$ cat final.pdb   # PDB, C-alpha atoms and all ligand atoms
ATOM      1  CA  MET A  85       6.529  -6.355  17.564
ATOM      2  CA  LEU A  86       5.530  -2.735  18.150
ATOM      3  CA  ASN A  87       1.926  -1.544  18.141
ATOM      4  CA  PHE A  88       0.668  -0.139  14.841
ATOM      5  CA  SER A  89       0.684   3.446  16.126
ATOM      6  CA  ASP A  90       4.297   3.119  17.298
ATOM      7  CA  ARG A  91       5.408   1.617  13.978
ATOM      8  CA  LEU A  92       3.604   4.429  12.173
ATOM      9  CA  ILE A  93       5.318   7.086  14.294
ATOM     10  CA  ASP A  94       8.735   5.482  13.701
ATOM     11  CA  ALA A  95       8.097   5.414   9.963
ATOM     12  CA  ILE A  96       6.906   9.052   9.929
ATOM     13  CA  LYS A  97      10.072  10.135  11.740
ATOM     14  CA  LYS A  98      12.339   8.151   9.410
ATOM     15  CA  LYS A  99      10.668   9.494   6.281
ATOM     16  CA  ASN A 100       9.906  12.984   7.633
ATOM     17  CA  SER A 101       6.568  12.518   5.884
ATOM     18  CA  VAL A 102       2.921  11.899   6.766
ATOM     19  CA  LEU A 103       2.000  11.423   3.126
ATOM     20  CA  ILE A 104       0.302   8.239   1.974
ATOM     21  CA  ALA A 105       0.214   7.414  -1.745
ATOM     22  CA  GLY A 106      -3.186   6.110  -2.731
ATOM     23  CA  ILE A 107      -3.050   3.303  -5.286
ATOM     24  CA  ASP A 108      -6.336   3.764  -7.136
ATOM     25  CA  THR A 109      -5.140   2.891 -10.635
ATOM     26  CA  THR A 110      -7.429   2.001 -13.520
ATOM     27  CA  ILE A 111      -6.070   0.626 -16.798
ATOM     28  CA  GLU A 112      -7.632   3.405 -18.879
ATOM     29  CA  ASN A 113      -5.578   6.013 -17.014
ATOM     30  CA  ILE A 114      -2.223   4.331 -17.576
ATOM     31  CA  PRO A 115      -0.275   6.192 -20.281
ATOM     32  CA  ASP A 116      -0.422   4.644 -23.760
ATOM     33  CA  TYR A 117       3.327   4.413 -24.102
ATOM     34  CA  PHE A 118       3.487   2.230 -20.990
ATOM     35  CA  ILE A 119       0.655  -0.039 -22.167
ATOM     36  CA  LYS A 120       2.358  -0.469 -25.549
ATOM     37  CA  ARG A 121       5.567  -1.482 -23.832
ATOM     38  CA  PHE A 122       3.973  -4.338 -21.881
ATOM     39  CA  TYR A 123       1.037  -5.399 -24.068
ATOM     40  CA  TYR A 124       1.622  -8.629 -25.977
ATOM     41  CA  ASN A 125      -0.890  -9.702 -28.624
ATOM     42  CA  GLU A 126      -0.007 -13.346 -27.995
ATOM     43  CA  LYS A 127      -1.118 -13.054 -24.379
ATOM     44  CA  SER A 128      -4.754 -12.988 -23.150
ATOM     45  CA  GLU A 129      -6.432  -9.708 -22.148
ATOM     46  CA  ILE A 130      -6.385 -10.877 -18.542
ATOM     47  CA  ASP A 131      -2.671 -11.702 -18.574
ATOM     48  CA  ASN A 132      -1.925  -8.308 -20.111
ATOM     49  CA  LEU A 133      -4.156  -6.636 -17.513
ATOM     50  CA  LYS A 134      -2.376  -8.328 -14.613
ATOM     51  CA  THR A 135       1.098  -7.533 -15.925
ATOM     52  CA  ILE A 136       0.353  -3.908 -16.718
ATOM     53  CA  LEU A 137      -1.543  -3.202 -13.478
ATOM     54  CA  PHE A 138       1.284  -4.673 -11.412
ATOM     55  CA  GLU A 139       4.152  -3.134 -13.357
ATOM     56  CA  TYR A 140       2.639   0.375 -13.382
ATOM     57  CA  ASN A 141       1.831   0.419  -9.673
ATOM     58  CA  ARG A 142       5.162  -1.166  -8.770
ATOM     59  CA  ARG A 143       6.946   1.651 -10.539
ATOM     60  CA  ILE A 144       4.759   4.247  -8.828
ATOM     61  CA  ILE A 145       5.715   2.747  -5.469
ATOM     62  CA  ASP A 146       9.417   2.834  -6.428
ATOM     63  CA  ALA A 147       9.087   6.432  -7.604
ATOM     64  CA  VAL A 148       7.362   7.784  -4.486
ATOM     65  CA  GLU A 149       8.798   5.652  -1.675
ATOM     66  CA  GLU A 150      11.310   8.330  -0.641
ATOM     67  CA  ASN A 151       8.491  10.839  -0.052
ATOM     68  CA  VAL A 152       5.742   8.732   1.532
ATOM     69  CA  VAL A 153       5.301   6.919   4.813
ATOM     70  CA  GLY A 154       2.992   4.355   3.263
ATOM     71  CA  VAL A 155       0.563   3.330   0.574
ATOM     72  CA  LYS A 156      -3.190   2.922   0.719
ATOM     73  CA  PHE A 157      -4.690   0.379  -1.643
ATOM     74  CA  GLN A 158      -8.292   1.200  -2.537
ATOM     75  CA  ALA A 159     -10.083  -2.173  -2.799
ATOM     76  CA  ALA A 160     -12.541  -0.975  -5.464
ATOM     77  CA  PHE A 161      -9.852  -0.453  -8.051
ATOM     78  CA  PHE A 162      -8.679  -4.059  -7.680
ATOM     79  CA  GLU A 163     -12.103  -5.641  -7.173
ATOM     80  CA  GLN A 164     -13.272  -4.209 -10.483
ATOM     81  CA  TYR A 165     -10.886  -6.694 -12.116
ATOM     82  CA  SER A 166     -12.315  -9.583 -10.069
ATOM     83  CA  TYR A 167      -9.880 -12.124  -8.590
ATOM     84  CA  HIS A 168      -7.283 -11.095 -11.164
ATOM     85  CA  GLY A 169      -7.184  -7.662  -9.532
ATOM     86  CA  PHE A 170      -6.886  -9.252  -6.103
ATOM     87  CA  GLU A 171      -3.928 -11.324  -7.265
ATOM     88  CA  VAL A 172      -2.219  -8.091  -8.287
ATOM     89  CA  LEU A 173      -3.210  -6.449  -4.987
ATOM     90  CA  HIS A 174      -1.600  -9.315  -3.086
ATOM     91  CA  LYS A 175       1.664  -8.938  -4.993
ATOM     92  CA  LEU A 176       1.677  -5.155  -4.549
ATOM     93  CA  CYS A 177       0.993  -5.439  -0.831
ATOM     94  CA  GLU A 178       4.020  -7.748  -0.451
ATOM     95  CA  TYR A 179       6.086  -5.461  -2.650
ATOM     96  CA  ALA A 180       5.313  -2.361  -0.577
ATOM     97  CA  LYS A 181       5.826  -4.214   2.706
ATOM     98  CA  ASN A 182       9.264  -5.372   1.588
ATOM     99  CA  LYS A 183      10.113  -1.708   1.157
ATOM    100  CA  LYS A 184       9.107  -1.144   4.811
ATOM    101  CA  LEU A 185       6.190   1.052   3.807
ATOM    102  CA  ILE A 186       3.039   1.134   5.949
ATOM    103  CA  VAL A 187       0.338  -0.634   3.898
ATOM    104  CA  ILE A 188      -3.341   0.179   4.361
ATOM    105  CA  PHE A 189      -6.281  -1.722   2.899
ATOM    106  CA  ASP A 190      -9.023   0.795   2.153
ATOM    107  CA  GLY A 191     -11.949  -1.579   1.875
ATOM    108  CA  LYS A 192     -14.369   0.126   4.309
ATOM    109  CA  ARG A 193     -15.435  -3.376   5.282
ATOM    110  CA  ASN A 194     -17.945  -4.403   7.885
ATOM    111  CA  ASP A 195     -20.978  -6.540   8.668
ATOM    112  CA  ILE A 196     -22.490  -8.419  11.610
ATOM    113  CA  SER A 197     -19.789  -9.745  13.912
ATOM    114  CA  SER A 198     -19.452 -13.238  12.385
ATOM    115  CA  SER A 199     -18.949 -11.732   8.925
ATOM    116  CA  ALA A 200     -16.789  -8.892  10.258
ATOM    117  CA  LYS A 201     -14.493 -11.555  11.694
ATOM    118  CA  GLY A 202     -14.073 -12.962   8.164
ATOM    119  CA  TYR A 203     -13.044  -9.550   6.849
ATOM    120  CA  SER A 204     -10.650  -9.034   9.709
ATOM    121  CA  ASN A 205      -9.148 -12.525   9.230
ATOM    122  CA  ALA A 206      -8.569 -11.786   5.558
ATOM    123  CA  TYR A 207      -6.805  -8.446   5.787
ATOM    124  CA  ILE A 208      -5.233  -7.929   9.219
ATOM    125  CA  GLY A 209      -5.577 -11.288  10.979
ATOM    126  CA  GLU A 210      -5.417 -14.944  10.087
ATOM    127  CA  THR A 211      -7.881 -17.436   8.624
ATOM    128  CA  PRO A 212      -8.290 -21.005   9.946
ATOM    129  CA  VAL A 213      -7.650 -23.493   7.120
ATOM    130  CA  PHE A 214      -7.885 -27.135   8.238
ATOM    131  CA  ASN A 215      -5.304 -27.452  11.026
ATOM    132  CA  LYS A 216      -3.482 -24.275  10.161
ATOM    133  CA  LYS A 217      -4.029 -20.556  10.370
ATOM    134  CA  ILE A 218      -3.044 -18.620   7.276
ATOM    135  CA  ARG A 219      -2.269 -14.917   7.068
ATOM    136  CA  PHE A 220      -3.404 -14.243   3.533
ATOM    137  CA  PHE A 221      -2.829 -10.483   3.431
ATOM    138  CA  GLU A 222      -0.365  -8.671   5.653
ATOM    139  CA  PHE A 223      -1.842  -5.181   5.694
ATOM    140  CA  ASP A 224      -0.826  -2.947   8.585
ATOM    141  CA  ALA A 225      -4.266  -1.359   8.816
ATOM    142  CA  ILE A 226      -7.769  -1.482   7.369
ATOM    143  CA  THR A 227     -10.607   1.025   7.021
ATOM    144  CA  THR A 228     -14.016   0.083   8.365
ATOM    145  CA  ASN A 229     -17.585   1.290   8.524
ATOM    146  CA  PRO A 230     -19.061   1.964  11.985
ATOM    147  CA  TYR A 231     -22.734   1.756  11.009
ATOM    148  CA  LEU A 232     -23.330  -1.659  12.593
ATOM    149  CA  GLY A 233     -22.000  -0.636  16.007
ATOM    150  CA  GLN A 234     -19.704  -2.107  18.626
ATOM    151  CA  ASP A 235     -20.083  -5.859  18.052
ATOM    152  CA  SER A 236     -19.157  -5.372  14.392
ATOM    153  CA  ILE A 237     -16.009  -3.426  15.296
ATOM    154  CA  LYS A 238     -14.886  -5.787  18.055
ATOM    155  CA  PRO A 239     -13.386  -8.506  15.767
ATOM    156  CA  PHE A 240     -11.184  -5.858  14.129
ATOM    157  CA  VAL A 241     -10.136  -4.325  17.445
ATOM    158  CA  GLU A 242      -9.265  -7.767  18.836
ATOM    159  CA  ASP A 243      -7.113  -8.523  15.786
ATOM    160  CA  CYS A 244      -5.448  -5.110  16.113
ATOM    161  CA  GLU A 245      -4.464  -6.027  19.668
ATOM    162  CA  ARG A 246      -3.384  -9.570  18.772
ATOM    163  CA  PHE A 247      -1.512  -8.851  15.544
ATOM    164  CA  LYS A 248      -0.421  -5.256  16.292
ATOM    165  CA  LYS A 249      -2.482  -3.795  13.474
ATOM    166  CA  GLY A 250      -4.434  -0.576  12.975
ATOM    167  CA  LEU A 251      -8.024   0.334  12.214
ATOM    168  CA  PHE A 252      -9.418   3.534  10.705
ATOM    169  CA  VAL A 253     -13.141   3.960  11.283
ATOM    170  CA  LEU A 254     -15.110   6.222   8.929
ATOM    171  CA  VAL A 255     -16.122   9.243  11.018
ATOM    172  CA  LYS A 256     -16.561  12.180   8.626
ATOM    173  CA  THR A 257     -15.989  11.470   4.954
ATOM    174  CA  SER A 258     -14.739  13.814   2.254
ATOM    175  CA  ASN A 259     -17.563  13.415  -0.274
ATOM    176  CA  PRO A 260     -20.097  16.191  -0.983
ATOM    177  CA  SER A 261     -23.041  14.183   0.443
ATOM    178  CA  SER A 262     -21.339  13.181   3.680
ATOM    179  CA  ALA A 263     -23.636  15.558   5.583
ATOM    180  CA  ASP A 264     -26.762  13.600   4.524
ATOM    181  CA  ILE A 265     -26.242  11.122   7.332
ATOM    182  CA  GLN A 266     -23.063  12.086   9.200
ATOM    183  CA  ASP A 267     -24.323  15.580  10.133
ATOM    184  CA  ILE A 268     -27.750  14.477  11.411
ATOM    185  CA  VAL A 269     -28.213  15.971  14.877
ATOM    186  CA  VAL A 270     -29.034  13.519  17.643
ATOM    187  CA  GLU A 271     -29.454  14.895  21.180
ATOM    188  CA  ASP A 272     -27.541  18.097  20.347
ATOM    189  CA  LYS A 273     -24.637  16.311  18.682
ATOM    190  CA  LYS A 274     -23.868  15.578  15.081
ATOM    191  CA  LEU A 275     -23.817  11.901  14.285
ATOM    192  CA  TYR A 276     -20.124  12.030  13.348
ATOM    193  CA  GLU A 277     -19.333  13.427  16.820
ATOM    194  CA  ILE A 278     -21.097  10.470  18.385
ATOM    195  CA  VAL A 279     -19.187   8.077  16.111
ATOM    196  CA  ALA A 280     -15.920   9.817  17.116
ATOM    197  CA  GLU A 281     -16.826   9.286  20.801
ATOM    198  CA  LYS A 282     -17.371   5.590  20.049
ATOM    199  CA  VAL A 283     -13.985   5.401  18.296
ATOM    200  CA  TYR A 284     -12.417   6.823  21.458
ATOM    201  CA  GLU A 285     -14.109   4.102  23.552
ATOM    202  CA  TRP A 286     -13.175   1.330  21.116
ATOM    203  CA  GLY A 287      -9.543   2.415  21.021
ATOM    204  CA  LYS A 288      -8.811   3.318  24.610
ATOM    205  CA  ASN A 289      -7.277  -0.077  25.462
ATOM    206  CA  CYS A 290      -5.081  -0.219  22.338
ATOM    207  CA  VAL A 291      -2.565   2.493  23.148
ATOM    208  CA  GLY A 292       1.086   2.172  22.134
ATOM    209  CA  LYS A 293       4.171   3.300  24.039
ATOM    210  CA  GLU A 294       4.027   6.728  22.361
ATOM    211  CA  GLY A 295       0.526   7.247  23.777
ATOM    212  CA  TYR A 296      -1.419   6.962  20.511
ATOM    213  CA  SER A 297      -4.282   4.559  19.959
ATOM    214  CA  ASP A 298      -4.174   1.966  17.187
ATOM    215  CA  ILE A 299      -7.817   2.715  16.458
ATOM    216  CA  GLY A 300      -8.089   5.886  14.388
ATOM    217  CA  ALA A 301     -10.602   7.704  12.250
ATOM    218  CA  VAL A 302     -11.052   8.628   8.599
ATOM    219  CA  VAL A 303     -11.769  12.347   8.331
ATOM    220  CA  GLY A 304     -11.950  14.086   4.948
ATOM    221  CA  ALA A 305      -9.622  17.025   4.281
ATOM    222  CA  THR A 306     -12.669  18.774   2.817
ATOM    223  CA  GLN A 307     -14.146  18.930   6.341
ATOM    224  CA  PRO A 308     -11.885  21.257   8.380
ATOM    225  CA  GLU A 309     -14.618  22.222  10.881
ATOM    226  CA  ALA A 310     -15.337  18.569  11.565
ATOM    227  CA  GLY A 311     -11.590  17.894  11.686
ATOM    228  CA  LYS A 312     -11.186  20.430  14.491
ATOM    229  CA  ARG A 313     -14.053  18.945  16.490
ATOM    230  CA  ILE A 314     -13.010  15.331  15.938
ATOM    231  CA  ARG A 315      -9.488  16.161  17.072
ATOM    232  CA  GLN A 316     -10.955  17.401  20.394
ATOM    233  CA  ILE A 317     -12.834  14.138  20.837
ATOM    234  CA  LEU A 318      -9.900  11.967  19.722
ATOM    235  CA  PRO A 319      -6.802  13.661  21.203
ATOM    236  CA  ASN A 320      -4.551  10.610  20.839
ATOM    237  CA  SER A 321      -5.805   8.887  17.697
ATOM    238  CA  PHE A 322      -4.363   8.985  14.210
ATOM    239  CA  LEU A 323      -6.630  10.566  11.620
ATOM    240  CA  LEU A 324      -6.377   9.224   8.074
ATOM    241  CA  VAL A 325      -7.131  12.282   5.980
ATOM    242  CA  PRO A 326      -8.077  11.791   2.299
ATOM    243  CA  GLY A 327      -9.454  14.454  -0.035
ATOM    244  CA  ILE A 328      -6.646  16.946  -0.643
ATOM    245  CA  GLY A 329      -6.210  18.087  -4.240
ATOM    246  CA  VAL A 330      -8.737  16.726  -6.739
ATOM    247  CA  GLN A 331     -11.576  16.667  -4.175
ATOM    248  CA  GLY A 332     -10.901  20.243  -3.085
ATOM    249  CA  GLY A 333      -9.387  19.688   0.367
ATOM    250  CA  LYS A 334      -6.670  22.238   1.150
ATOM    251  CA  VAL A 335      -3.282  21.376   2.581
ATOM    252  CA  GLU A 336      -3.410  24.611   4.674
ATOM    253  CA  ASP A 337      -6.454  23.233   6.514
ATOM    254  CA  LEU A 338      -4.479  20.275   7.834
ATOM    255  CA  LYS A 339      -3.540  22.496  10.792
ATOM    256  CA  TYR A 340      -7.051  21.802  12.108
ATOM    257  CA  PHE A 341      -6.528  18.051  12.057
ATOM    258  CA  VAL A 342      -3.212  17.746  13.893
ATOM    259  CA  ASP A 343      -2.940  17.231  17.639
ATOM    260  CA  SER A 344      -1.178  19.402  20.199
ATOM    261  CA  ASN A 345       2.196  17.954  19.082
ATOM    262  CA  ASN A 346       1.471  18.793  15.420
ATOM    263  CA  MET A 347       1.197  15.033  14.903
ATOM    264  CA  GLY A 348      -1.524  12.427  14.662
ATOM    265  CA  ILE A 349      -2.383  12.598  10.974
ATOM    266  CA  ILE A 350      -1.557  10.715   7.822
ATOM    267  CA  VAL A 351      -2.674  12.337   4.595
ATOM    268  CA  ASN A 352      -3.690  10.404   1.497
ATOM    269  CA  SER A 353      -3.313  11.577  -2.070
ATOM    270  CA  SER A 354      -4.220   9.211  -4.891
ATOM    271  CA  ARG A 355      -4.969  10.675  -8.336
ATOM    272  CA  ASP A 356      -2.612  13.651  -7.916
ATOM    273  CA  ILE A 357       0.236  11.153  -7.465
ATOM    274  CA  ILE A 358      -0.588   8.137  -9.637
ATOM    275  CA  TYR A 359      -1.679  10.218 -12.629
ATOM    276  CA  ALA A 360       0.755  13.094 -12.063
ATOM    277  CA  TYR A 361       2.129  12.568 -15.588
ATOM    278  CA  LYS A 362      -0.986  14.399 -16.826
ATOM    279  CA  ASN A 363       0.203  17.597 -15.072
ATOM    280  CA  TYR A 364       3.974  17.181 -15.013
ATOM    281  CA  VAL A 365       6.167  15.339 -17.538
ATOM    282  CA  ASN A 366       3.785  13.500 -19.842
ATOM    283  CA  SER A 367       6.492  11.231 -21.201
ATOM    284  CA  ASP A 368       7.806  10.134 -17.802
ATOM    285  CA  PHE A 369       5.176   9.037 -15.288
ATOM    286  CA  GLU A 370       7.710   7.913 -12.698
ATOM    287  CA  LYS A 371       9.471  11.264 -12.603
ATOM    288  CA  SER A 372       6.072  13.007 -12.510
ATOM    289  CA  SER A 373       4.846  10.935  -9.574
ATOM    290  CA  TYR A 374       8.128  11.503  -7.769
ATOM    291  CA  LEU A 375       7.855  15.282  -8.233
ATOM    292  CA  ALA A 376       4.181  15.348  -7.246
ATOM    293  CA  SER A 377       4.777  13.320  -4.078
ATOM    294  CA  LYS A 378       7.774  15.486  -3.154
ATOM    295  CA  ASN A 379       5.765  18.691  -3.625
ATOM    296  CA  ILE A 380       2.787  17.410  -1.642
ATOM    297  CA  LYS A 381       5.027  16.134   1.163
ATOM    298  CA  GLU A 382       6.861  19.450   1.387
ATOM    299  CA  SER A 383       3.675  21.518   1.339
ATOM    300  CA  ILE A 384       2.172  19.374   4.122
ATOM    301  CA  ASN A 385       5.358  19.633   6.183
ATOM    302  CA  ALA A 386       5.350  23.407   5.789
ATOM    303  CA  VAL A 387       1.867  23.528   7.351
ATOM    304  CA  ILE A 388       2.300  21.077  10.207
ATOM    305  CA  SER A 389       5.900  21.568  11.357
TER
HETATM  306  O1  LIG A 401     -13.841  10.060   3.118
HETATM  307  C1  LIG A 401     -13.149   9.431   2.328
HETATM  308  C2  LIG A 401     -12.730   8.133   2.548
HETATM  309  C3  LIG A 401     -11.917   7.525   1.626
HETATM  310  N1  LIG A 401     -11.517   8.160   0.506
HETATM  311  C4  LIG A 401     -10.611   7.445  -0.421
HETATM  312  O2  LIG A 401      -9.374   8.165  -0.514
HETATM  313  C5  LIG A 401      -8.928   8.219  -1.868
HETATM  314  C6  LIG A 401      -8.922   9.645  -2.356
HETATM  315  O3  LIG A 401      -8.471   9.723  -3.691
HETATM  316  P1  LIG A 401      -8.021  11.133  -4.390
HETATM  317  O4  LIG A 401      -7.711  10.726  -5.797
HETATM  318  O5  LIG A 401      -6.797  11.633  -3.658
HETATM  319  O6  LIG A 401      -9.163  12.060  -4.307
HETATM  320  C7  LIG A 401      -9.860   7.288  -2.648
HETATM  321  O7  LIG A 401      -9.304   5.996  -2.596
HETATM  322  C8  LIG A 401     -11.144   7.309  -1.836
HETATM  323  O8  LIG A 401     -11.893   6.130  -1.977
HETATM  324  C9  LIG A 401     -11.930   9.439   0.279
HETATM  325  O9  LIG A 401     -11.585  10.059  -0.741
HETATM  326  N2  LIG A 401     -12.728  10.046   1.206
END
$ encode --input "final.pdb" --output "C-alpha cells"
Amino acid sequence: MLNFSDRLIDAIKKKNSVLIAGIDTTIENIPDYFIKRFYYNEKSEIDNLKTILFEYNRRIIDAVEENVVGVKFQAAFFEQYSYHGFEVLHKLCEYAKNKKLIVIFDGKRNDISSSAKGYSNAYIGETPVFNKKIRFFEFDAITTNPYLGQDSIKPFVEDCERFKKGLFVLVKTSNPSSADIQDIVVEDKKLYEIVAEKVYEWGKNCVGKEGYSDIGAVVGATQPEAGKRIRQILPNSFLLVPGIGVQGGKVEDLKYFVDSNNMGIIVNSSRDIIYAYKNYVNSDFEKSSYLASKNIKESINAVIS
C-alpha cells in the first residue's frame, strides 16, 4: 500500500481537486422537507436521529464526490449524539471509503502516550481484543493536538508508518483567539513556528515516493501570514487548511499556503457545502451542495494552478 501522502496526491490528480467536504451536520440544520420524509412517529427519537443523520450525510457525499478529494468528519458533531452518533460516523466512514474518497477524522485527539496510543488504535491503527487485533475505524488520517509534546505524538507517527496513514498536527488554527497561545513569543519565535519545526522533525522519516511527509499541519485559512511562514518551515508537508467562507478565510490567500509546486494543501469547507441549500436551491439540498462544491473547487483551482 502507498504512503498516505502518495495516496492523497494520486487522489488530488484524479479529481483535479484539493477540496475536502467537512461533514459537520447537526439535525436542526437539516431541511424540514428531508426530516419529514424520513421521520416515522412509530420509531423512537434515536432511531429517527440515526436514520436522518446517515441519510442526509450520505446524500451530501454522493452529491459532492465529483468535486472533492475527500471528506473530513468533525468528531464533535457525532459525539453530541453519544454512541448513536458514532454508529452513524462508522457507517459514513465506510461509505466514503467505498467511494475511494480520502477520509479524515477531525478529533484533535491527544493525551499522555499510553492514552494517545488508545486514540491512535481507534482511528488509524488497530486495537488488541483478546487474541485478535481489530481495526475499528479505517480513517486515512487524524488531526491531533501537539500540546503534550513528542511522546504523545509518537504513537500516532508509528501507526502512520505501520498502517500508511496520515496525521495533521494543529499548528496555527483559524479561530479568532488562536493568537492567545499560538502567537506567544518564545526566544524570538512565535509558538506556532516552534510547533511547525517540531512537526518537521516528527515527519522527516515518513516521506512518500513523491517526497511529501505523511505528517502535516492544520493551518487556518484566516491566517495567511502564518501560512506563508509555516510553508517555509514545512516545505514538503501537506497543510490541511480550514476556515474559508463562513469563518472569513479567503480563497485568494491560499497562494500563501501552497509549496513551490503549487501543491501541498487540502482545503476544508464544511457549512458552505453541507448547508448550501440555504444559499442556493432551498428545495434541493443535493443540487445546492453539488453547485457549492463545484464553485469552491473551481475558485481554489483558479488560485493555485
Ligand atoms: O483551525 C481549525 C481547525 C479545525 N477546524 C474545523 O474545520 C471545520 C470548519 O468548518 P466551516 O463550516 O467550513 O467553517 C470545522 O469542522 C472546524 O472544527 C477549523 O475550522 N479551524
$ closest_residue --input "final.pdb" --among "A:Met85, A:Leu275, A:Ile114, A:Ala305" --to "A:Ala360" --atoms "all atoms listed in the file"
A:Ile114
$ axis_aligned_box --input "final.pdb" --around "stretch 112-128 of chain A" --padding-each-side "6 Å" --output "lines of an AutoDock Vina configuration file"
center_x = -1.0
center_y = -3.6
center_z = -22.8
size_x = 25.2
size_y = 31.5
size_z = 23.6
$ residues_near_ligand --input "final.pdb" --ligand "ligand LIG 401 (chain A)" --cutoff "6 Å" --atoms "only C-alpha atoms and all ligand atoms" --output "count of residues only"
12
$ closest_atom_pairs --input "final.pdb" --of "stretch 247-339 of chain A" --to "stretch 226-233 of chain A" --cutoff "6 Å" --atoms "all atoms listed in the file" --output "JSON lines"
{"residue": "A:Leu251", "atom": "CA", "partner": "A:Ile226", "partner_atom": "CA", "distance": 5.2}
{"residue": "A:Phe252", "atom": "CA", "partner": "A:Thr227", "partner_atom": "CA", "distance": 4.6}
{"residue": "A:Val253", "atom": "CA", "partner": "A:Thr228", "partner_atom": "CA", "distance": 4.9}
{"residue": "A:Leu254", "atom": "CA", "partner": "A:Asn229", "partner_atom": "CA", "distance": 5.5}
$ write_last_selection --input "final.pdb" --atoms "C-alpha atoms" --output "short mmCIF file (atom, residue, chain, number, x, y, z; two decimals), in the frame of the given file"
data_model
loop_
_atom_site.label_atom_id
_atom_site.label_comp_id
_atom_site.auth_asym_id
_atom_site.auth_seq_id
_atom_site.Cartn_x
_atom_site.Cartn_y
_atom_site.Cartn_z
CA LEU A 251 -8.02 0.33 12.21
CA PHE A 252 -9.42 3.53 10.70
CA VAL A 253 -13.14 3.96 11.28
CA LEU A 254 -15.11 6.22 8.93
#
$ atom_distance --input "final.pdb" --atom1 "atom CA of A:Ile328" --atom2 "atom CA of A:Leu176"
23.9 Å
$ closest_residue --input "final.pdb" --among "A:Ile119, A:Ser128, A:Val172, A:Glu150" --to "A:Ala95" --atoms "only C-alpha atoms"
A:Glu150
$ resolve_selection --input "final.pdb" --expression "the PyMOL selection byres (((chain A and resi 183-185) around 9) and not hetatm)" --output "number ranges by chain"
A: 95, 146, 149, 152-155, 178-182, 186-187
$ closest_residue --input "final.pdb" --among "A:Asn87, A:Thr135, A:Ser321, A:Ser373" --to "A:Ile350" --atoms "only C-alpha atoms"
A:Ser321
$ resolve_selection --input "final.pdb" --expression "the PyMOL selection byres (((chain A and resi 200) around 10) and not hetatm)" --output "number ranges by chain"
A: 193-199, 201-206, 228, 235-240
$ resolve_selection --input "final.pdb" --expression "the PyMOL selection byres (((chain A and resi 266) around 8) and not hetatm)" --output "PyMOL selection string"
chain A and resi 255-256+262-265+267-268+274-276
$ atom_distance --input "final.pdb" --atom1 "atom CA of A:Phe214" --atom2 "atom CA of A:Cys244"
23.5 Å
$ atom_distance --input "final.pdb" --atom1 "atom CA of A:Glu222" --atom2 "atom CA of A:Tyr359"
26.3 Å
$ residues_around --input "final.pdb" --residues "A:Glu139" --least-positions-apart "3" --cutoff "12 Å" --atoms "all atoms listed in the file" --output "list in words"
Thr109, Ile111, Ile114, Phe118, Ile119, Arg121, Phe122, Tyr123, Asn132, Leu133, Lys134, Thr135, Ile136, Arg142, Arg143, Ile144, Ile145, Asp146, Val172, Leu173, Lys175, Leu176, Tyr179 and Glu370 of chain A
$ write_last_selection --input "final.pdb" --atoms "C-alpha atoms" --output "compact mmCIF listing (two decimals), in the coordinates of the input"
# COMPACT_ATOMS: atom_id res chain seq x y z
CA THR A 109 -5.14 2.89 -10.64
CA ILE A 111 -6.07 0.63 -16.80
CA ILE A 114 -2.22 4.33 -17.58
CA PHE A 118 3.49 2.23 -20.99
CA ILE A 119 0.66 -0.04 -22.17
CA ARG A 121 5.57 -1.48 -23.83
CA PHE A 122 3.97 -4.34 -21.88
CA TYR A 123 1.04 -5.40 -24.07
CA ASN A 132 -1.92 -8.31 -20.11
CA LEU A 133 -4.16 -6.64 -17.51
CA LYS A 134 -2.38 -8.33 -14.61
CA THR A 135 1.10 -7.53 -15.92
CA ILE A 136 0.35 -3.91 -16.72
CA ARG A 142 5.16 -1.17 -8.77
CA ARG A 143 6.95 1.65 -10.54
CA ILE A 144 4.76 4.25 -8.83
CA ILE A 145 5.72 2.75 -5.47
CA ASP A 146 9.42 2.83 -6.43
CA VAL A 172 -2.22 -8.09 -8.29
CA LEU A 173 -3.21 -6.45 -4.99
CA LYS A 175 1.66 -8.94 -4.99
CA LEU A 176 1.68 -5.16 -4.55
CA TYR A 179 6.09 -5.46 -2.65
CA GLU A 370 7.71 7.91 -12.70
$ residues_around --input "final.pdb" --residues "A:Tyr340" --least-positions-apart "5" --cutoff "9 Å" --atoms "only C-alpha atoms" --output "list in words"
Pro308, Glu309, Ala310, Gly311, Lys312, Arg313 and Arg315 of chain A
$ residues_around --input "final.pdb" --residues "A:Gln316" --least-positions-apart "6" --cutoff "12 Å" --atoms "only C-alpha atoms" --output "list in words"
Glu277, Ala280, Glu281, Tyr284, Glu309, Ala310, Leu323, Tyr340, Phe341, Val342, Asp343 and Ser344 of chain A
$ closest_residue --input "final.pdb" --among "A:Asn113, A:Asn141, A:Gln164, A:Ser389" --to "A:Tyr361" --atoms "only C-alpha atoms"
A:Asn113
$ closest_residue --input "final.pdb" --among "A:Phe322, A:Gly295, A:Val269, A:Ala225" --to "A:Val283" --atoms "all atoms listed in the file"
A:Phe322
$ closest_residue --input "final.pdb" --among "A:Asn151, A:Ser89, A:Thr211, A:Ser297" --to "A:Val102" --atoms "all atoms listed in the file"
A:Asn151
$ residues_around --input "final.pdb" --residues "A:Phe247" --least-positions-apart "2" --cutoff "10 Å" --atoms "all atoms listed in the file" --output "NGL selection string"
:A and (85-88 or 208-210 or 222 or 224 or 241-245 or 249-250)
